[in-house]
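Data first, discussion second: the structure below is written as C-alpha cells.
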Amino acid sequence: MEPPRGILFGTNGVRFIPGVNADPGFVMRLSECIGTYFAEGDILVGRDGRFWGETLLYAVTSGLMSSGRNVAEAGLVPTPALQYATKSLGYRGGVMVTASHNPPEYNGVKVFGSDGVEINRLDEQRVEKVFREGSVTRANWRDVGTSRSEPSVVRTYLQGILSKVNTKLISARKFSIVMDLGNGAQAVAAPYLLDGLGCKVITLNATIDGAFPARGPEPTPGTLGDLSAAVRAAGADLGVGYDGDGDRAIFCDEKGTVYWGDQSGSLLADYVLEKKPGGTVVTPINSSQVVELVAARRRGKVIRTRVGTGDVSRTILDRGAAFGFEENGGSIYPDHIPVRDGAMATALMLECLAARGLPFSKVMGNTLPLFFMTKTKVQVQPEKVKEIMRKVERQADGRIEKVDGIKTWVDDKSWVLVRPSGTEPIIRIFAEAETQEKADSLLRSRVKLVKSG
Ligand code: MG
C-alpha cells in the first residue's frame, strides 16, 4: 500500500494516512531510497507521539539499515530536537516520523541533511527518482547497517537553547508561565528547559497522546481558549502552546490575549534586530505588514517568501538573515539552528520580556503598530483554481505582488491576499487594514469573487 505514484514529498515532507494509503512496507521502501540518497554515514532517526509512530520508526530503521546505513535511534522527541542533534552530534542526516500539526489520522516522514535543515526540493527529487526507478542500493549479506540508541538528543537540544539566551537575565525575573503541550512531543523537552530558566511552570495537556484529545495538534488563537483561561486564573506572566511535533509556538499575554505567530514573531524580530541592527528578517507573503514597520525602526530589512517553512529556512541561509517567522507560530532563530523551533522561540520570548522589564501586553503595545487582520478559506473544485486566480488578478484594484498567490495593496496600509493551498482543494484569503471593519470588508469582497467561481 502506498500513496499515488508521482510526487512523494509535499510542502512538508511525505504525508499519508497509515492503514489507508500507506503501510510500513511503503515506509521501509521509501527509507531504503533515503539511505541510497545519503550513500554514507550514520543517520539519526526519531518520531513524535502519533499513532503508528513506533511501527513506522521500525520501518524507517529497517529501510535505512537495508541500504547499508548505520542508524542511531532517538525515540520520541520534538522535531527541532532531532534536527539540532543531527547537526550538533555530527550525523550524516536525520529522518523524523511526524505529521506535525495535521489531523491525528495522519503520519509522515521528514528528511534532514547534516545541517539539520530539511533537504531541498532537488534532493527530494533525487529520492523520488530512486523510488520510481527502484534503483535502490541494498547492502550485501555482510555490510548491512547497525542500529543503536542515541539517548542524548533532548539533553543536547536543551543545552543548545540555553547557550543561546541570557539565562541570568531570565532567571532573575522568576517568570510564571503556563504551557499547553497539546498532548504533543514538546512534553519531553520544553518544561525542563523552563525549569533551567528559573520559571514557575504550569503544564496543560502534558500527556503524550496520538489522538490529541485536548485541543487537536494545531495551536491557534481559536484552539487555545483553555491556555488563555489558565494564564488569567494563575496570574501567570505568559502562556505558550505548541503543535504536535513542537516546532511551532503560539503565545498568550498575561491578560489572556492569544497572538498569531506574525505578531509574536514581529516582537521577536524587533528584539533580535535591536541586538543586530541592520539585520534581515525573513517571513512569508501572508504575514502582517507590522514587521516592515518594526524592522525599519532598527534599520533592518524584510524579505518576503512563498508560504512554507522550507522557503523561509533556505532564504535565511542564503541571505545570512538574523531571524525568520511564520503567522502559524513558526519562529526561526538561525544563531541556534535555521529551522523553526517552539522551545527556542519560548526561551527567546522570555529573554525579550526580561530585557523589556514590562508585562507582555505592554511590550506588545509599545512595539507593534496596531493593524487588524482577518483570514478564511474557501473550498473550491481543483479544476477551477486557475480560472479563479485569473479572475482575481483581472479584477485587482491596486498594486499586485505575486510571490505566492495574488496580494493586492488597495492602499498604502491595506492588502488582501488570495492564495491556493499547496496540499488541499481550498483557497486561503487574508486581509489586513487599519480597522477591523475594513479588513473584514476586503475579505468579504474576495470571498464573493472566489465563490462566484
Ligand atoms: Mg510542526
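We label chains A, B, ... in the order they appear in the C-alpha cells, count residues from 1 in each chain, and number ligands from 1 in the order shown.
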
As a PyMOL selection string, please: every protein or nucleic acid residue near ligand 1 (cut-off 7 Å, counting only C-alpha atoms and all ligand atoms).
chain A and resi 100-101+243-248

Against range 40-45 of chain A, which residues of range 54-139 of chain A fall within 8 Å? For each one I want the closest pair of atoms and the distance in Å (one decimal), counting only C-alpha atoms, rows by chain and increasing residue number, as JSON lines.
{"residue": "A:Leu57", "atom": "CA", "partner": "A:Val45", "partner_atom": "CA", "distance": 7.5}
{"residue": "A:Val60", "atom": "CA", "partner": "A:Val45", "partner_atom": "CA", "distance": 7.9}
{"residue": "A:Thr61", "atom": "CA", "partner": "A:Val45", "partner_atom": "CA", "distance": 7.5}
{"residue": "A:Arg69", "atom": "CA", "partner": "A:Asp42", "partner_atom": "CA", "distance": 6.0}
{"residue": "A:Asn70", "atom": "CA", "partner": "A:Asp42", "partner_atom": "CA", "distance": 4.8}
{"residue": "A:Val71", "atom": "CA", "partner": "A:Ile43", "partner_atom": "CA", "distance": 5.0}
{"residue": "A:Ala72", "atom": "CA", "partner": "A:Leu44", "partner_atom": "CA", "distance": 4.8}
{"residue": "A:Glu73", "atom": "CA", "partner": "A:Val45", "partner_atom": "CA", "distance": 5.1}
{"residue": "A:Ala74", "atom": "CA", "partner": "A:Val45", "partner_atom": "CA", "distance": 5.9}
{"residue": "A:Gly75", "atom": "CA", "partner": "A:Val45", "partner_atom": "CA", "distance": 7.5}
{"residue": "A:Leu82", "atom": "CA", "partner": "A:Leu44", "partner_atom": "CA", "distance": 7.5}
{"residue": "A:Thr86", "atom": "CA", "partner": "A:Leu44", "partner_atom": "CA", "distance": 6.2}
{"residue": "A:Tyr91", "atom": "CA", "partner": "A:Asp42", "partner_atom": "CA", "distance": 5.6}
{"residue": "A:Arg92", "atom": "CA", "partner": "A:Gly41", "partner_atom": "CA", "distance": 5.1}
{"residue": "A:Gly93", "atom": "CA", "partner": "A:Ile43", "partner_atom": "CA", "distance": 5.0}
{"residue": "A:Gly94", "atom": "CA", "partner": "A:Leu44", "partner_atom": "CA", "distance": 4.6}
{"residue": "A:Val95", "atom": "CA", "partner": "A:Val45", "partner_atom": "CA", "distance": 4.8}
{"residue": "A:Met96", "atom": "CA", "partner": "A:Val45", "partner_atom": "CA", "distance": 5.7}
{"residue": "A:Val97", "atom": "CA", "partner": "A:Val45", "partner_atom": "CA", "distance": 8.0}

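Take CA of Gly35 in chain A and CA of Leu317 in chain A: the distance between them is 25.1 Å.
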
All strand (DSSP E or B) residues (DSSP, backbone) inside range 44-124 of chain A, as a ChimeraX atom specification:
/A:44-47,70-76,93-97,107-112,118

Saved selection, atoms kept: N, CA, C and O atoms, as a PDB file, in the first residue's frame:
ATOM      1  N   LEU A  44      20.458   9.725  12.127  1.00  0.00           N
ATOM      2  CA  LEU A  44      19.711   9.833  13.379  1.00  0.00           C
ATOM      3  C   LEU A  44      18.211   9.786  13.075  1.00  0.00           C
ATOM      4  O   LEU A  44      17.750  10.517  12.195  1.00  0.00           O
ATOM      5  N   VAL A  45      17.464   8.913  13.760  1.00  0.00           N
ATOM      6  CA  VAL A  45      16.028   8.804  13.480  1.00  0.00           C
ATOM      7  C   VAL A  45      15.212   9.002  14.757  1.00  0.00           C
ATOM      8  O   VAL A  45      15.683   8.720  15.859  1.00  0.00           O
ATOM      9  N   GLY A  46      13.990   9.512  14.614  1.00  0.00           N
ATOM     10  CA  GLY A  46      13.118   9.718  15.766  1.00  0.00           C
ATOM     11  C   GLY A  46      11.676   9.841  15.324  1.00  0.00           C
ATOM     12  O   GLY A  46      11.372   9.763  14.124  1.00  0.00           O
ATOM     13  N   ARG A  47      10.793  10.025  16.298  1.00  0.00           N
ATOM     14  CA  ARG A  47       9.360  10.111  15.993  1.00  0.00           C
ATOM     15  C   ARG A  47       8.672  11.026  16.988  1.00  0.00           C
ATOM     16  O   ARG A  47       9.203  11.294  18.079  1.00  0.00           O
ATOM     17  N   ASN A  70      24.145   2.960   9.004  1.00  0.00           N
ATOM     18  CA  ASN A  70      24.024   2.736  10.439  1.00  0.00           C
ATOM     19  C   ASN A  70      23.026   3.743  10.997  1.00  0.00           C
ATOM     20  O   ASN A  70      23.026   4.905  10.590  1.00  0.00           O
ATOM     21  N   VAL A  71      22.207   3.277  11.939  1.00  0.00           N
ATOM     22  CA  VAL A  71      21.120   4.113  12.446  1.00  0.00           C
ATOM     23  C   VAL A  71      21.286   4.343  13.950  1.00  0.00           C
ATOM     24  O   VAL A  71      21.609   3.419  14.689  1.00  0.00           O
ATOM     25  N   ALA A  72      21.074   5.587  14.376  1.00  0.00           N
ATOM     26  CA  ALA A  72      21.019   5.907  15.800  1.00  0.00           C
ATOM     27  C   ALA A  72      19.594   6.331  16.102  1.00  0.00           C
ATOM     28  O   ALA A  72      19.029   7.184  15.402  1.00  0.00           O
ATOM     29  N   GLU A  73      18.994   5.736  17.120  1.00  0.00           N
ATOM     30  CA  GLU A  73      17.569   5.909  17.359  1.00  0.00           C
ATOM     31  C   GLU A  73      17.324   6.820  18.552  1.00  0.00           C
ATOM     32  O   GLU A  73      17.732   6.534  19.667  1.00  0.00           O
ATOM     33  N   ALA A  74      16.656   7.966  18.287  1.00  0.00           N
ATOM     34  CA  ALA A  74      16.429   8.973  19.338  1.00  0.00           C
ATOM     35  C   ALA A  74      15.155   8.710  20.124  1.00  0.00           C
ATOM     36  O   ALA A  74      14.976   9.251  21.207  1.00  0.00           O
ATOM     37  N   GLY A  75      14.231   7.904  19.576  1.00  0.00           N
ATOM     38  CA  GLY A  75      12.955   7.671  20.242  1.00  0.00           C
ATOM     39  C   GLY A  75      12.003   8.834  20.056  1.00  0.00           C
ATOM     40  O   GLY A  75      12.043   9.519  19.026  1.00  0.00           O
ATOM     41  N   LEU A  76      11.163   9.102  21.073  1.00  0.00           N
ATOM     42  CA  LEU A  76      10.129  10.143  20.976  1.00  0.00           C
ATOM     43  C   LEU A  76      10.733  11.497  21.343  1.00  0.00           C
ATOM     44  O   LEU A  76      11.065  11.738  22.509  1.00  0.00           O
ATOM     45  N   GLY A  93      22.757  12.612   8.419  1.00  0.00           N
ATOM     46  CA  GLY A  93      21.413  13.091   8.135  1.00  0.00           C
ATOM     47  C   GLY A  93      20.468  12.665   9.234  1.00  0.00           C
ATOM     48  O   GLY A  93      20.872  11.988  10.192  1.00  0.00           O
ATOM     49  N   GLY A  94      19.197  13.093   9.116  1.00  0.00           N
ATOM     50  CA  GLY A  94      18.185  12.729  10.097  1.00  0.00           C
ATOM     51  C   GLY A  94      16.879  12.385   9.406  1.00  0.00           C
ATOM     52  O   GLY A  94      16.593  12.895   8.317  1.00  0.00           O
ATOM     53  N   VAL A  95      16.121  11.470  10.017  1.00  0.00           N
ATOM     54  CA  VAL A  95      14.784  11.140   9.499  1.00  0.00           C
ATOM     55  C   VAL A  95      13.814  11.156  10.673  1.00  0.00           C
ATOM     56  O   VAL A  95      14.067  10.542  11.705  1.00  0.00           O
ATOM     57  N   MET A  96      12.720  11.907  10.518  1.00  0.00           N
ATOM     58  CA  MET A  96      11.728  12.055  11.581  1.00  0.00           C
ATOM     59  C   MET A  96      10.385  11.522  11.106  1.00  0.00           C
ATOM     60  O   MET A  96       9.933  11.875  10.012  1.00  0.00           O
ATOM     61  N   VAL A  97       9.754  10.681  11.922  1.00  0.00           N
ATOM     62  CA  VAL A  97       8.396  10.207  11.642  1.00  0.00           C
ATOM     63  C   VAL A  97       7.435  11.175  12.325  1.00  0.00           C
ATOM     64  O   VAL A  97       7.347  11.202  13.552  1.00  0.00           O
ATOM     65  N   ASN A 107       0.246  10.579   9.365  1.00  0.00           N
ATOM     66  CA  ASN A 107       1.636  10.497   9.793  1.00  0.00           C
ATOM     67  C   ASN A 107       2.507  10.832   8.590  1.00  0.00           C
ATOM     68  O   ASN A 107       1.980  11.131   7.516  1.00  0.00           O
ATOM     69  N   GLY A 108       3.803  10.798   8.758  1.00  0.00           N
ATOM     70  CA  GLY A 108       4.653  11.182   7.635  1.00  0.00           C
ATOM     71  C   GLY A 108       6.119  11.011   7.949  1.00  0.00           C
ATOM     72  O   GLY A 108       6.494  10.553   9.035  1.00  0.00           O
ATOM     73  N   VAL A 109       6.951  11.366   6.973  1.00  0.00           N
ATOM     74  CA  VAL A 109       8.398  11.220   7.094  1.00  0.00           C
ATOM     75  C   VAL A 109       9.053  12.501   6.603  1.00  0.00           C
ATOM     76  O   VAL A 109       8.708  13.013   5.535  1.00  0.00           O
ATOM     77  N   LYS A 110       9.964  13.042   7.434  1.00  0.00           N
ATOM     78  CA  LYS A 110      10.742  14.212   7.029  1.00  0.00           C
ATOM     79  C   LYS A 110      12.208  13.844   7.001  1.00  0.00           C
ATOM     80  O   LYS A 110      12.676  13.094   7.863  1.00  0.00           O
ATOM     81  N   VAL A 111      12.947  14.422   6.050  1.00  0.00           N
ATOM     82  CA  VAL A 111      14.361  14.082   5.883  1.00  0.00           C
ATOM     83  C   VAL A 111      15.217  15.337   6.051  1.00  0.00           C
ATOM     84  O   VAL A 111      14.925  16.378   5.452  1.00  0.00           O
ATOM     85  N   PHE A 112      16.233  15.246   6.894  1.00  0.00           N
ATOM     86  CA  PHE A 112      17.111  16.390   7.162  1.00  0.00           C
ATOM     87  C   PHE A 112      18.543  16.093   6.718  1.00  0.00           C
ATOM     88  O   PHE A 112      19.024  14.966   6.871  1.00  0.00           O
ATOM     89  N   GLU A 118      15.693  20.616   6.497  1.00  0.00           N
ATOM     90  CA  GLU A 118      15.032  19.719   5.558  1.00  0.00           C
ATOM     91  C   GLU A 118      15.737  19.752   4.205  1.00  0.00           C
ATOM     92  O   GLU A 118      16.105  20.818   3.731  1.00  0.00           O
TER      93      GLU A 118
END

Smallest atom-to-atom distance to Thr79 in chain A: which of A:Gly235, A:Gly357, A:Gly49, A:Gly256, using only C-alpha atoms?
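Closest residue, counting only C-alpha atoms: A:Gly49.
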
Looking at only C-alpha atoms, which of A:Tyr242, A:Tyr259, A:Phe430, A:Tyr37 is the one that sits closest to Thr137 in chain A?
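Among A:Tyr242, A:Tyr259, A:Phe430, A:Tyr37, it is A:Tyr37 that comes nearest to Thr137 in chain A.
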
Apply DSSP to the backbone of this structure and, from range 280-453 of chain A, keep only the residues in alpha helix (DSSP H); write these as a VMD selection string.
chain A and resid 290 to 297 309 to 319 342 to 356 360 to 367 385 to 394 436 to 451

Counting only C-alpha atoms, figure out which residue out of A:Val281, A:Val117, A:Ile427, A:Ala81 gets nearest to Thr156 in chain A.
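Looking at the shortest contact to Thr156 in chain A, the residue is A:Ala81.
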
Tell me which of A:Trp415, A:Trp52, A:Phe131, A:Phe175 sits closest to Asn286 in chain A, counting only C-alpha atoms.
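Looking only at the distances to Asn286 in chain A, the closest residue turns out to be A:Trp415.
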
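Nearest to Leu238 in chain A of all the residues A:Thr257, A:Gln436, A:Ser31, A:Ser288 is A:Thr257, counting only C-alpha atoms.
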
Determine, counting only C-alpha atoms, which protein, DNA and RNA residues have an atom within 9 Å of an atom of Ala355 in chain A; residues of the same chain fewer than 3 positions away are not included. Present the result as a PDB file with C-alpha atoms, in the first residue's frame.
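Dumped to part-v9.pdb:
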ATOM      1  CA  LEU A 169      18.630  37.808  32.986  1.00  0.00           C
ATOM      2  CA  ILE A 170      15.704  35.402  32.503  1.00  0.00           C
ATOM      3  CA  LEU A 350      11.387  35.128  27.889  1.00  0.00           C
ATOM      4  CA  GLU A 351      14.675  36.922  27.257  1.00  0.00           C
ATOM      5  CA  CYS A 352      12.858  39.658  25.318  1.00  0.00           C
ATOM      6  CA  LEU A 358       7.295  45.213  31.424  1.00  0.00           C
TER       7      LEU A 358
END

As an exercise, work out the distance from CA of Glu401 in chain A to CA of Gly265 in chain A in Å and give it to one decimal place.
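About the pair CA of Glu401 in chain A and CA of Gly265 in chain A: they are 22.1 Å apart.
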